[in-house]
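One structure below.
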Amino acid sequence: MANTNAAFGGRLVGSLLGAPINGATNVYTAKADYATALYIGDPVVVVGTRGSGHQCVELATAGATNQITGFIVGFEPTPGIVSLGYGAASTLRFPIVADNPEALFELQEDAVGGALAEASIGLNINLVSGAGNAYTKKSGWMIDSSAVGGDATYQMTIRDIVTRVDNEAGGTAYAKYLCSINLHTRRLAAVAGL
């Protein structure tokens, strides 16, 4: 069975130690002068400002050495969010971000340069950016299957394969994996892959 290529960014699914994920999210601000749309599943990073009572975030940058604070899991309701279902560019938005350094996320690989092998579990990997979809309201970000290894400067760590009937992993394109953030803005130091 082939996997469906339907990117969704990062989806919060649990924690590294199996503990409940209650309280794993916080509300942030995306300022009205920030001219980039934000979608559920997009990775974001804190910027050095506060606005409307919260620390501000912007879309993260894909690739080695670029830190991530977390992934958007929703938005505080505003008229624009209610009508559109995502955070339109150049509007005041309040993204709810899964920002716990111990959070575990489901992500799809991009299959560029070949699909990931099961032996990739424990290694680090980068993200690849993708445009959000205004119809599905989901992120277009994925893990970059052409950048996997033990490099401590890589953004994510592959923890496991998603075990589900709609996911054929182990060398199959567009497989879904469980990952944690390696270059987290709240982690003291990044860790090399196994």
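Residues are referred to by chain and number: the chain letter is A, B, ... according to the order shown in the structure tokens, the number counts from 1 in that chain, and ligands are numbered separately from 1 in the order shown.
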
Next item on the list: Please identify which residues in segment 4-152 of chain A DSSP calls helix (DSSP H, G or I) from the backbone, and express them as a count of residues only.
Entry: 9

List every residue of segment 40-64 of chain A that has an atom at most 10 Å from any atom of segment 127-133 of chain A, giving for each one its closest atom pair and the distance in Å to one decimal, counting only C-alpha atoms, sorted by chain and then by ascending residue number, as a tab-separated table.
```
residue	atom	partner	partner_atom	distance
A:Ile40	CA	A:Gly132	CA	8.5
A:Gly41	CA	A:Gly132	CA	9.0
A:Asp42	CA	A:Gly132	CA	8.0
A:Pro43	CA	A:Leu127	CA	9.2
A:Leu59	CA	A:Ser129	CA	9.7
A:Ala60	CA	A:Ser129	CA	8.9
A:Thr61	CA	A:Ser129	CA	7.6
A:Ala62	CA	A:Leu127	CA	5.2
A:Gly63	CA	A:Leu127	CA	6.0
A:Ala64	CA	A:Leu127	CA	8.5
```

Notebook entry, point to check: With only C-alpha atoms as the atoms that count, which of A:Thr69, A:Thr91, A:Asn5, A:Ser139 lies nearest to Tyr28 of chain A?
Noted result: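 Using only C-alpha atoms, the shortest distance to Tyr28 of chain A belongs to A:Thr69.
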
Next item on the list: Just list the residues in segment 27-188 of chain A DSSP gives strand (DSSP E or B) on the backbone, as a VMD selection string.
Entry: chain A and resid 27 29 to 30 38 40 43 to 51 54 to 59 68 70 to 75 87 93 95 to 98 103 to 109 124 to 128 138 142 to 149 156 to 161 176 to 181 184

With C-alpha atoms kept, could you save the residues just selected as a short mmCIF file (atom, residue, chain, number, x, y, z; two decimals), in the first residue's frame?
```cif
data_model
loop_
_atom_site.label_atom_id
_atom_site.label_comp_id
_atom_site.auth_asym_id
_atom_site.auth_seq_id
_atom_site.Cartn_x
_atom_site.Cartn_y
_atom_site.Cartn_z
CA VAL A 27 -0.55 31.16 23.57
CA THR A 29 1.24 36.54 19.39
CA ALA A 30 1.85 36.91 15.66
CA LEU A 38 0.29 30.72 9.68
CA ILE A 40 -2.01 24.50 12.06
CA PRO A 43 6.77 25.27 13.20
CA VAL A 44 7.37 28.63 14.85
CA VAL A 45 10.16 30.31 16.74
CA VAL A 46 10.02 33.05 19.37
CA VAL A 47 11.31 36.45 18.39
CA GLY A 48 12.67 38.96 20.87
CA THR A 49 9.48 40.97 21.31
CA ARG A 50 6.16 40.87 23.13
CA GLY A 51 2.82 41.97 21.76
CA HIS A 54 2.26 37.38 24.81
CA GLN A 55 5.71 36.63 23.47
CA CYS A 56 5.79 36.94 19.68
CA VAL A 57 6.47 34.13 17.23
CA GLU A 58 7.20 33.89 13.53
CA LEU A 59 7.44 30.97 11.14
CA ILE A 68 12.16 25.83 16.78
CA GLY A 70 7.07 24.43 18.79
CA PHE A 71 4.29 23.65 16.34
CA ILE A 72 0.95 25.47 16.04
CA VAL A 73 -1.95 23.33 17.28
CA GLY A 74 -4.66 25.99 17.00
CA PHE A 75 -5.51 29.67 17.32
CA GLY A 87 -3.92 32.87 10.57
CA ARG A 93 -3.15 36.31 15.44
CA PRO A 95 -1.39 30.93 17.79
CA ILE A 96 -1.56 28.17 20.39
CA VAL A 97 1.82 26.43 20.25
CA ALA A 98 2.87 23.01 21.55
CA ALA A 103 6.67 16.95 23.21
CA LEU A 104 6.41 14.29 20.53
CA PHE A 105 5.12 15.17 17.05
CA GLU A 106 3.96 13.20 14.04
CA LEU A 107 5.45 14.43 10.75
CA GLN A 108 5.47 13.18 7.17
CA GLU A 109 8.71 12.75 5.23
CA ASN A 124 18.50 13.71 13.58
CA ILE A 125 16.77 15.32 10.63
CA ASN A 126 15.88 18.77 9.31
CA LEU A 127 12.57 20.20 8.26
CA VAL A 128 11.66 21.33 4.77
CA LYS A 138 -2.96 22.62 7.34
CA MET A 142 7.63 17.96 6.30
CA ILE A 143 10.82 16.28 7.46
CA ASP A 144 13.60 16.37 4.88
CA SER A 145 14.50 12.78 4.04
CA SER A 146 17.67 13.91 2.24
CA ALA A 147 19.17 15.37 5.45
CA VAL A 148 19.36 12.63 8.08
CA GLY A 149 22.30 11.80 10.33
CA MET A 156 14.46 17.22 14.85
CA THR A 157 15.18 13.72 16.22
CA ILE A 158 13.36 10.71 14.76
CA ARG A 159 11.96 8.69 17.68
CA ASP A 160 9.85 6.02 15.99
CA ILE A 161 7.67 5.09 13.05
CA LYS A 176 4.91 9.32 8.97
CA TYR A 177 7.39 9.39 11.85
CA LEU A 178 7.35 10.40 15.51
CA CYS A 179 9.87 13.17 16.15
CA SER A 180 10.96 15.52 18.91
CA ILE A 181 12.51 18.96 18.54
CA HIS A 184 14.42 23.69 20.81
#
```

Item checked: Close residues, Ala19 of chain A itself excluded, 12 Å, only C-alpha atoms, min 5 positions apart in chain, as JSON, numbers by chain -> {"A": [13, 14, 24, 100, 102, 103, 104]}

Notebook entry, point to check: For Ala173 of chain A, which of A:Val82, A:Ala88, A:Ala6, A:Lys31 is the closest residue, counting only C-alpha atoms?
Noted result: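 Selected residue with least distance to Ala173 of chain A: A:Ala6.
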
Next item on the list: Just give me the gap between atom CA of Leu183 of chain A and atom CA of Ser120 of chain A in Å, one decimal is fine.
Entry: 18.0 Å

Check: In terms of the shortest atom-to-atom distance over only C-alpha atoms, which of A:Leu123, A:Val112, A:Ala152, A:Ile21 is closest to Ala175 of chain A?
Finding: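 Under the stated criterion, the closest residue is A:Val112.
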
Notebook entry, point to check: Between A:Asn3, A:Ser90, A:Pro79, A:Gly85, which one has atoms that come closest to Tyr135 of chain A, using only C-alpha atoms?
Noted result: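 Using only C-alpha atoms, the shortest distance to Tyr135 of chain A belongs to A:Gly85.
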
Check: What does the distance between atom CA of Gly80 of chain A and atom CA of Leu92 of chain A come to in Å, to one decimal place?
Finding: 8.9 Å
